[in-house]
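Peer 1: Contents of start26.txt (compact mmCIF, C-alpha atoms):
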# COMPACT_ATOMS: atom_id res chain seq x y z
CA MET A 1 -22.45 11.36 23.81
CA THR A 2 -20.22 8.72 25.38
CA PHE A 3 -18.14 6.00 23.80
CA ALA A 4 -16.55 2.82 25.02
CA ILE A 5 -12.90 3.43 25.86
CA PRO A 6 -10.78 1.45 23.37
CA ASP A 7 -8.26 -1.12 24.51
CA PRO A 8 -4.96 0.81 24.68
CA LYS A 9 -2.92 -2.30 23.90
CA ARG A 10 -1.42 -2.18 20.43
CA GLY A 11 -1.66 -5.26 18.22
CA PHE A 12 0.17 -6.48 15.14
CA ALA A 13 -2.72 -7.33 12.83
CA SER A 14 -2.45 -4.36 10.47
CA ASP A 15 -1.14 -0.83 10.23
CA ASN A 16 -4.74 0.04 9.33
CA GLN A 17 -5.62 -0.59 12.97
CA ALA A 18 -3.30 2.11 14.27
CA GLY A 19 -4.66 5.47 15.31
CA VAL A 20 -4.20 8.81 13.59
CA HIS A 21 -0.92 10.66 13.98
CA PRO A 22 -1.32 13.79 16.14
CA GLU A 23 0.15 15.99 13.39
CA ILE A 24 -2.54 14.75 11.02
CA LEU A 25 -5.28 15.53 13.53
CA ALA A 26 -3.79 18.99 13.98
CA ALA A 27 -3.84 19.54 10.21
CA LEU A 28 -7.52 18.60 10.07
CA ALA A 29 -8.32 21.07 12.83
CA ALA A 30 -6.31 23.79 11.11
CA VAL A 31 -8.33 23.62 7.88
CA ASN A 32 -11.66 23.43 9.70
CA GLU A 33 -12.27 27.16 9.47
CA GLY A 34 -14.57 29.04 7.14
CA HIS A 35 -15.70 27.88 3.72
CA GLN A 36 -13.64 26.58 0.80
CA PRO A 37 -14.64 25.61 -2.74
CA ALA A 38 -15.68 21.95 -3.04
CA TYR A 39 -14.48 19.01 -5.13
CA GLY A 40 -10.81 19.94 -5.13
CA ASP A 41 -10.93 23.62 -6.10
CA ASP A 42 -9.78 24.63 -2.62
CA ALA A 43 -6.48 26.19 -1.56
CA VAL A 44 -5.40 23.11 0.40
CA THR A 45 -5.64 20.80 -2.61
CA ALA A 46 -3.77 23.39 -4.67
CA ARG A 47 -0.97 23.21 -2.10
CA LEU A 48 -1.06 19.41 -2.28
CA ARG A 49 -0.42 19.61 -6.03
CA GLU A 50 2.73 21.64 -5.35
CA VAL A 51 3.94 19.27 -2.65
CA VAL A 52 3.38 16.19 -4.78
CA ARG A 53 5.28 17.71 -7.70
CA GLY A 54 8.14 18.38 -5.31
CA HIS A 55 8.33 14.66 -4.58
CA PHE A 56 7.54 13.17 -7.99
CA GLY A 57 8.46 15.81 -10.58
CA PRO A 58 6.83 18.75 -12.38
CA ALA A 59 4.60 16.58 -14.59
CA ALA A 60 2.94 14.78 -11.65
CA GLU A 61 -0.80 15.23 -11.23
CA VAL A 62 -2.54 14.23 -7.98
CA PHE A 63 -6.11 13.06 -7.51
CA PRO A 64 -7.08 12.48 -3.85
CA VAL A 65 -9.45 9.57 -3.23
CA PHE A 66 -11.07 7.91 -0.24
CA ASN A 67 -9.26 4.56 -0.07
CA GLY A 68 -6.65 2.29 -1.60
CA THR A 69 -9.07 0.06 -3.49
CA GLY A 70 -10.54 3.13 -5.15
CA ALA A 71 -7.07 4.39 -6.05
CA ASN A 72 -6.12 1.06 -7.61
CA VAL A 73 -9.36 0.53 -9.52
CA VAL A 74 -9.57 4.05 -10.94
CA SER A 75 -5.87 4.00 -11.88
CA LEU A 76 -6.11 0.70 -13.73
CA GLN A 77 -9.37 1.65 -15.39
CA ALA A 78 -7.81 4.87 -16.70
CA MET A 79 -4.93 2.83 -18.16
CA SER A 80 -7.10 0.22 -19.84
CA GLN A 81 -10.02 -0.63 -22.09
CA PRO A 82 -13.02 -2.86 -21.29
CA TRP A 83 -11.27 -5.75 -23.03
CA SER A 84 -7.99 -5.33 -21.17
CA ALA A 85 -5.92 -7.54 -18.89
CA VAL A 86 -3.54 -6.50 -16.10
CA VAL A 87 -0.52 -8.61 -15.15
CA CYS A 88 0.19 -8.77 -11.41
CA PRO A 89 1.66 -11.13 -8.79
CA GLU A 90 -0.67 -13.73 -7.29
CA SER A 91 -0.23 -12.07 -3.90
CA ALA A 92 -1.18 -8.59 -5.19
CA HIS A 93 -3.75 -6.78 -3.10
CA ILE A 94 -5.86 -6.12 -6.20
CA ASN A 95 -6.11 -9.90 -6.58
CA THR A 96 -6.45 -11.16 -3.02
CA ASP A 97 -8.03 -8.47 -0.86
CA GLU A 98 -10.19 -6.12 -2.92
CA CYS A 99 -13.20 -8.39 -3.41
CA GLY A 100 -12.72 -8.52 -7.19
CA ALA A 101 -13.17 -4.74 -7.51
CA ALA A 102 -10.82 -4.39 -10.48
CA GLU A 103 -12.80 -7.06 -12.28
CA LYS A 104 -16.28 -6.02 -11.17
CA ILE A 105 -15.98 -2.23 -11.35
CA ALA A 106 -13.36 -1.80 -14.06
CA GLY A 107 -14.20 -4.99 -15.97
CA LEU A 108 -10.56 -6.01 -16.15
CA LYS A 109 -9.02 -9.47 -16.31
CA LEU A 110 -6.23 -9.99 -13.78
CA VAL A 111 -3.45 -12.24 -15.06
CA THR A 112 -1.86 -13.48 -11.84
CA VAL A 113 1.77 -14.54 -11.73
CA PRO A 114 3.42 -16.90 -9.21
CA ALA A 115 6.01 -14.79 -7.36
CA PRO A 116 7.26 -16.30 -4.08
CA ASP A 117 8.79 -13.00 -2.97
CA GLY A 118 5.84 -10.93 -4.21
CA LYS A 119 7.82 -9.26 -7.00
CA LEU A 120 7.42 -9.28 -10.77
CA THR A 121 10.49 -9.59 -12.99
CA PRO A 122 11.04 -8.76 -16.67
CA GLY A 123 11.00 -12.48 -17.41
CA LEU A 124 7.61 -12.91 -15.77
CA VAL A 125 6.23 -9.95 -17.72
CA GLU A 126 7.48 -11.51 -20.95
CA ARG A 127 5.99 -14.89 -20.04
CA TYR A 128 2.54 -13.74 -18.93
CA ALA A 129 1.85 -10.65 -21.07
CA THR A 130 0.75 -12.58 -24.15
CA GLY A 131 -2.08 -12.89 -26.64
CA PHE A 132 -1.60 -9.55 -28.36
CA GLY A 133 -3.91 -9.25 -31.36
CA ASN A 134 -5.69 -12.53 -30.60
CA ILE A 135 -9.42 -11.78 -30.81
CA GLN A 136 -10.08 -14.65 -28.39
CA ARG A 137 -7.93 -13.18 -25.63
CA ARG A 138 -8.12 -10.24 -23.26
CA GLN A 139 -5.48 -7.76 -24.39
CA PRO A 140 -2.74 -6.90 -21.87
CA SER A 141 -2.77 -3.19 -21.08
CA ALA A 142 -0.71 -2.80 -17.92
CA VAL A 143 1.36 -4.44 -15.23
CA SER A 144 0.73 -3.69 -11.58
CA ILE A 145 3.47 -3.95 -8.96
CA THR A 146 3.29 -3.23 -5.24
CA GLN A 147 5.87 -1.28 -3.23
CA SER A 148 6.48 -2.55 -0.63
CA THR A 149 4.93 -5.87 -1.59
CA GLU A 150 2.25 -7.81 0.25
CA LEU A 151 5.04 -10.09 1.45
CA GLY A 152 7.02 -7.22 2.95
CA THR A 153 9.71 -7.23 0.27
CA VAL A 154 10.94 -4.14 -1.54
CA TYR A 155 11.79 -3.48 -5.19
CA THR A 156 15.04 -1.63 -5.74
CA PRO A 157 14.91 1.27 -8.23
CA GLU A 158 16.80 -0.92 -10.69
CA GLU A 159 14.26 -3.74 -10.34
CA VAL A 160 11.35 -1.37 -10.95
CA ALA A 161 13.12 0.13 -13.97
CA ALA A 162 13.71 -3.32 -15.44
CA VAL A 163 10.05 -4.31 -15.04
CA ALA A 164 8.93 -0.97 -16.47
CA ALA A 165 11.21 -1.34 -19.47
CA ALA A 166 9.88 -4.83 -20.18
CA ALA A 167 6.32 -3.55 -19.91
CA HIS A 168 6.88 -0.50 -22.08
CA GLU A 169 8.59 -2.58 -24.76
CA ARG A 170 5.27 -4.41 -25.09
CA GLY A 171 3.17 -1.27 -25.06
CA LEU A 172 1.98 -1.81 -21.48
CA GLY A 173 1.52 0.83 -18.82
CA VAL A 174 3.04 0.46 -15.35
CA HIS A 175 0.94 0.91 -12.23
CA MET A 176 2.37 0.85 -8.72
CA ASP A 177 0.23 0.09 -5.69
CA GLY A 178 2.03 2.22 -3.13
CA ALA A 179 -0.09 1.50 -0.06
CA ARG A 180 3.21 1.25 1.87
CA ILE A 181 5.39 3.30 -0.46
CA ALA A 182 6.85 5.31 2.44
CA ASN A 183 8.07 2.12 4.11
CA ALA A 184 9.82 1.14 0.90
CA ALA A 185 11.53 4.53 0.57
CA ALA A 186 12.64 4.37 4.20
CA ALA A 187 14.02 0.86 3.70
CA LEU A 188 15.92 1.83 0.55
CA GLY A 189 17.11 5.22 1.78
CA VAL A 190 16.12 6.93 -1.48
CA PRO A 191 13.49 9.50 -2.51
CA MET A 192 10.16 8.08 -3.64
CA ARG A 193 10.68 9.35 -7.17
CA ALA A 194 13.80 7.16 -7.50
CA PHE A 195 11.65 4.05 -7.90
CA THR A 196 8.58 5.72 -9.43
CA THR A 197 9.04 8.65 -11.82
CA ASP A 198 12.72 8.00 -12.50
CA ALA A 199 12.17 4.25 -12.91
CA GLY A 200 9.39 4.50 -15.48
CA VAL A 201 6.21 4.04 -13.40
CA ASP A 202 3.25 5.67 -15.13
CA VAL A 203 0.62 5.82 -12.39
CA LEU A 204 0.98 5.49 -8.62
CA SER A 205 -1.60 4.69 -5.95
CA PHE A 206 -0.13 6.64 -3.05
CA GLY A 207 -0.96 5.28 0.39
CA GLY A 208 -1.54 7.39 3.47
CA THR A 209 -3.89 5.48 5.75
CA LYS A 210 -1.30 2.86 6.68
CA ASN A 211 1.14 5.64 7.54
CA GLY A 212 -0.85 7.72 10.01
CA LEU A 213 -3.79 9.26 8.12
CA LEU A 214 -7.40 9.12 9.26
CA LEU A 215 -8.51 8.27 5.73
CA GLY A 216 -7.44 9.13 2.25
CA GLU A 217 -5.08 8.00 -0.47
CA ALA A 218 -4.17 9.59 -3.79
CA ILE A 219 -3.72 8.68 -7.41
CA VAL A 220 -0.53 10.27 -8.69
CA VAL A 221 -0.26 10.35 -12.48
CA LEU A 222 3.43 10.44 -13.38
CA ASN A 223 2.95 10.03 -17.13
CA PRO A 224 -0.14 11.94 -18.33
CA ASP A 225 -0.01 10.10 -21.68
CA ALA A 226 -0.68 6.79 -19.91
CA VAL A 227 -4.23 7.62 -18.76
CA GLN A 228 -7.54 8.70 -20.19
CA GLY A 229 -10.53 10.23 -18.46
CA LEU A 230 -9.19 9.75 -14.95
CA ALA A 231 -11.01 12.74 -13.46
CA PHE A 232 -14.32 11.45 -14.80
CA LEU A 233 -13.59 7.90 -13.70
CA ARG A 234 -12.84 9.11 -10.19
CA LYS A 235 -16.27 10.75 -10.01
CA SER A 236 -18.18 7.85 -11.60
CA SER A 237 -16.39 5.43 -9.25
CA MET A 238 -17.60 7.41 -6.21
CA GLN A 239 -14.08 8.50 -5.21
CA LEU A 240 -14.48 12.28 -5.57
CA ALA A 241 -14.72 13.94 -2.15
CA SER A 242 -16.90 17.04 -1.93
CA LYS A 243 -15.03 18.44 1.09
CA MET A 244 -11.71 17.46 -0.42
CA ARG A 245 -9.70 19.91 1.67
CA TYR A 246 -9.92 17.45 4.56
CA VAL A 247 -8.33 14.64 2.55
CA SER A 248 -5.77 16.97 1.01
CA ALA A 249 -4.82 18.52 4.35
CA GLN A 250 -3.81 15.12 5.69
CA LEU A 251 -1.67 14.39 2.65
CA VAL A 252 -0.03 17.82 2.85
CA ALA A 253 0.77 17.28 6.53
CA LEU A 254 2.26 13.90 5.69
CA LEU A 255 4.32 14.98 2.68
CA ASP A 256 5.24 18.65 3.25
CA GLY A 257 8.10 17.76 5.55
CA ASP A 258 9.41 14.44 6.79
CA LEU A 259 6.43 13.00 8.68
CA TRP A 260 5.92 10.36 5.98
CA LEU A 261 9.52 9.23 6.38
CA ARG A 262 9.64 9.41 10.18
CA ASN A 263 6.53 7.31 10.52
CA ALA A 264 7.67 4.70 8.02
CA ALA A 265 11.24 4.44 9.30
CA HIS A 266 9.96 3.87 12.83
CA ALA A 267 7.52 1.16 11.71
CA ASN A 268 10.31 -0.55 9.77
CA ALA A 269 12.63 -0.45 12.76
CA MET A 270 9.98 -2.00 14.99
CA ALA A 271 9.45 -4.81 12.47
CA ARG A 272 13.17 -5.52 12.43
CA ARG A 273 13.21 -5.58 16.22
CA LEU A 274 10.27 -7.99 16.23
CA ALA A 275 11.81 -10.27 13.61
CA ASP A 276 15.08 -10.45 15.54
CA ALA A 277 13.34 -11.26 18.81
CA ALA A 278 10.86 -13.77 17.40
CA GLY A 279 13.34 -15.39 15.04
CA ALA A 280 15.63 -16.22 17.93
CA LEU A 281 12.95 -18.34 19.60
CA PRO A 282 12.92 -22.13 19.08
CA GLY A 283 10.00 -23.15 16.88
CA VAL A 284 9.73 -19.85 14.99
CA GLU A 285 10.84 -19.54 11.36
CA VAL A 286 10.86 -16.08 9.78
CA THR A 287 9.89 -16.83 6.18
CA GLN A 288 10.48 -13.57 4.29
CA ASP A 289 13.31 -11.09 4.30
CA VAL A 290 12.11 -8.31 6.62
CA GLN A 291 12.67 -5.19 4.54
CA ALA A 292 9.74 -2.96 5.48
CA ASN A 293 7.20 -3.04 8.32
CA THR A 294 5.83 -6.59 8.08
CA VAL A 295 7.12 -9.86 9.48
CA PHE A 296 6.07 -13.27 8.16
CA ALA A 297 6.81 -16.31 10.30
CA ILE A 298 5.77 -19.90 10.78
CA VAL A 299 4.65 -20.52 14.35
CA PRO A 300 3.15 -23.72 15.83
CA LYS A 301 -0.61 -23.42 15.41
CA ASP A 302 -1.51 -24.04 19.05
CA ALA A 303 0.95 -21.40 20.24
CA ALA A 304 -0.34 -18.94 17.66
CA GLU A 305 -3.94 -19.48 18.77
CA ARG A 306 -3.06 -18.86 22.41
CA LEU A 307 -1.02 -15.79 21.53
CA ARG A 308 -3.87 -14.36 19.46
CA LYS A 309 -5.97 -14.15 22.63
CA ARG A 310 -3.40 -11.69 23.96
CA PHE A 311 -2.42 -9.76 20.83
CA ALA A 312 -4.22 -9.24 17.52
CA PHE A 313 -2.60 -10.65 14.36
CA TYR A 314 -3.64 -12.69 11.32
CA THR A 315 -2.73 -16.09 9.97
CA TRP A 316 -1.42 -15.69 6.44
CA ASP A 317 -1.41 -19.36 5.39
CA GLU A 318 -3.56 -21.84 7.32
CA ARG A 319 -1.84 -24.76 5.62
CA THR A 320 1.68 -23.95 6.77
CA GLY A 321 0.91 -22.00 9.94
CA GLU A 322 2.51 -18.85 8.53
CA VAL A 323 1.40 -15.69 10.31
CA ARG A 324 1.82 -11.98 9.54
CA TRP A 325 2.80 -9.33 12.06
CA VAL A 326 2.58 -5.67 11.05
CA CYS A 327 4.21 -2.74 12.84
CA SER A 328 2.88 0.82 12.67
CA PHE A 329 4.03 4.38 13.22
CA ASP A 330 2.85 4.13 16.82
CA THR A 331 4.30 0.70 17.64
CA ALA A 332 6.57 1.15 20.65
CA GLU A 333 9.62 -0.87 21.65
CA GLU A 334 7.71 -1.97 24.74
CA ASP A 335 4.92 -3.33 22.50
CA VAL A 336 7.40 -5.42 20.53
CA ASP A 337 9.17 -6.68 23.62
CA ALA A 338 5.89 -7.59 25.33
CA PHE A 339 4.72 -9.45 22.24
CA ALA A 340 7.99 -11.35 21.92
CA ALA A 341 7.87 -12.29 25.60
CA ALA A 342 4.30 -13.50 25.26
CA LEU A 343 5.28 -15.53 22.20
CA ALA A 344 8.08 -17.16 24.15
CA GLU A 345 5.64 -18.05 26.92
CA GLU A 346 3.14 -19.62 24.53
CA LEU A 347 5.83 -21.57 22.72
CA SER A 348 6.85 -23.11 26.03
CA GLY A 349 3.24 -24.17 26.61
Please lay out the structure from this file as structure tokens.
Peer 2:
Amino acid sequence: MTFAIPDPKRGFASDNQAGVHPEILAALAAVNEGHQPAYGDDAVTARLREVVRGHFGPAAEVFPVFNGTGANVVSLQAMSQPWSAVVCPESAHINTDECGAAEKIAGLKLVTVPAPDGKLTPGLVERYATGFGNIQRRQPSAVSITQSTELGTVYTPEEVAAVAAAAHERGLGVHMDGARIANAAAALGVPMRAFTTDAGVDVLSFGGTKNGLLLGEAIVVLNPDAVQGLAFLRKSSMQLASKMRYVSAQLVALLDGDLWLRNAAHANAMARRLADAAGALPGVEVTQDVQANTVFAIVPKDAAERLRKRFAFYTWDERTGEVRWVCSFDTAEEDVDAFAAALAEELSG
């Protein structure tokens, strides 16, 4: 069987478009021997449980799933009732880019909050988590925050703890969408548990695909009292892998060592390099503080359209001309420099 040879040029549209890290491919090959019990009763998934507890504490329970949407939906469903509402930023992935899955599959109401930097605050939780006991209203059950956010910003451990405290005071659970959690930890220079377990997060959607995996994410339950029926919900939501050792092996390879941190730190550094180069060009305005691996900038529309014919990236806001550039574990300095040079050429017409 033959395949078309892919374009070797790296783009900046999404870290989902990057390839698979060689160490992840090696881990998949290593577990591809013999037979193992299915549905998570294998030795590899048992090892993953140990590794995850090493990162997030002895009470942590891990449930590998296929994708980030599945992790988010199953997590929120396990924290809620059919009449529940979840408070989240307007820009949250569960609101903008999951095709209404939390509402369709879990039956939840998303209460979206204006947050220009993508982050919830205790004041916003207090303002939008309302209607308790009102039979006419969906009842708030949880808040969902994203680390790093869809706007590339990062919550400090203190900021997460403050949001969690405000939520818990109102009887709400705290869910973290950690699709780019490794980028946040690399940016902050702290262990992942510093802004999850230690900060009061109850359930985490742990992201791997954006950080070098072929496929696979995980639900990490940090507070077992915050969920109900999660194992059954994972199965009924079609997120239980039969040959789970292949998902678990990737997560073990990522987390049992420093691959997760190396990949994320490199992607962050490339984003900083890109922001510095692009931001120095006349006509380019970097719009968000570049803290992780994404850069948001306003670029003249005609220049952006010409540049898109040379490098892949998305427009974030058609009205303002804001674009998003994402760096990955395999983004090279030469990729960034070539992109910045091409941007300079297109800006000059």
Peer 1: Which residue is closest to Pro64 in chain A? Choose from A:Met192, A:Ala241, A:Val87, A:Leu222 and count only C-alpha atoms.
Peer 2: A:Ala241
Peer 1: Would you mind listing what lies within 12 Å of Val190 in chain A as a PDB file with C-alpha atoms, in the coordinates of the input, with all atoms listed in the file counted and same-chain residues fewer than 5 positions away left out?
Peer 2:
ATOM      1  CA  HIS A  55       8.330  14.660  -4.580  1.00  0.00           C
ATOM      2  CA  TYR A 155      11.790  -3.480  -5.190  1.00  0.00           C
ATOM      3  CA  THR A 156      15.040  -1.630  -5.740  1.00  0.00           C
ATOM      4  CA  PRO A 157      14.910   1.270  -8.230  1.00  0.00           C
ATOM      5  CA  ILE A 181       5.390   3.300  -0.460  1.00  0.00           C
ATOM      6  CA  ALA A 182       6.850   5.310   2.440  1.00  0.00           C
ATOM      7  CA  ASN A 183       8.070   2.120   4.110  1.00  0.00           C
ATOM      8  CA  ALA A 184       9.820   1.140   0.900  1.00  0.00           C
ATOM      9  CA  ALA A 185      11.530   4.530   0.570  1.00  0.00           C
ATOM     10  CA  PHE A 195      11.650   4.050  -7.900  1.00  0.00           C
ATOM     11  CA  THR A 196       8.580   5.720  -9.430  1.00  0.00           C
ATOM     12  CA  ASP A 198      12.720   8.000 -12.500  1.00  0.00           C
ATOM     13  CA  LEU A 261       9.520   9.230   6.380  1.00  0.00           C
TER      14      LEU A 261
END
Peer 1: Of the residues A:Asn263, A:Leu255, A:Phe296, A:Asn67, which is the one nearest to Ser205 in chain A, using all atoms listed in the file?
Peer 2: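 Nearest to Ser205 in chain A: A:Asn67.
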Peer 1: Just the residues within 9 Å of Leu48 in chain A, please, counting all atoms listed in the file, with nothing from its chain fewer than 4 positions along; format it as a PyMOL selection string.
Peer 2: chain A and resi 43-44+52-53+62+248-249+251-252+255-256
Peer 1: Determine the nearest neighbour of Gly57 in chain A from the options A:Arg193, A:His21, A:Arg310, A:Lys109, counting only C-alpha atoms.
Peer 2: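 Distance minimum relative to Gly57 in chain A lands on A:Arg193.
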Peer 1: Could you state the separation of CA of Ala303 in chain A and CA of Trp316 in chain A in Å, given to one decimal place?
Peer 2: 15.1 Å
Peer 1: Show me, as a list in words, the residues that have an atom within 8 Å of Asn211 in chain A when counting all atoms listed in the file, minus same-chain residues fewer than 5 positions from it.
Peer 2: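 Final neighbour list, sorted by chain and number: Asp15, Arg180, Ala182, Trp260, Asn263, Ala264, Ser328 and Phe329 of chain A.
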Peer 1: Have a look at A:Val326, A:Leu110, A:Ala292, A:Ala46 and name the one nearest to Ala187 in chain A; count only C-alpha atoms.
Peer 2: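 Result for the nearest residue to Ala187 in chain A: A:Ala292.
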Peer 1: Quick one: of A:Gln291, A:Lys301, A:Leu274, A:Ala101, who's nearest to Ala341 in chain A, counting all atoms listed in the file?
Peer 2: A:Leu274
Peer 1: List as a PyMOL selection string the residues having at least one atom at most 12 Å from position (-9.6, -4.4, -14.1) as given in the file, counting only C-alpha atoms.
Peer 2: chain A and resi 69-70+72-88+94-95+98-111+138-144+175
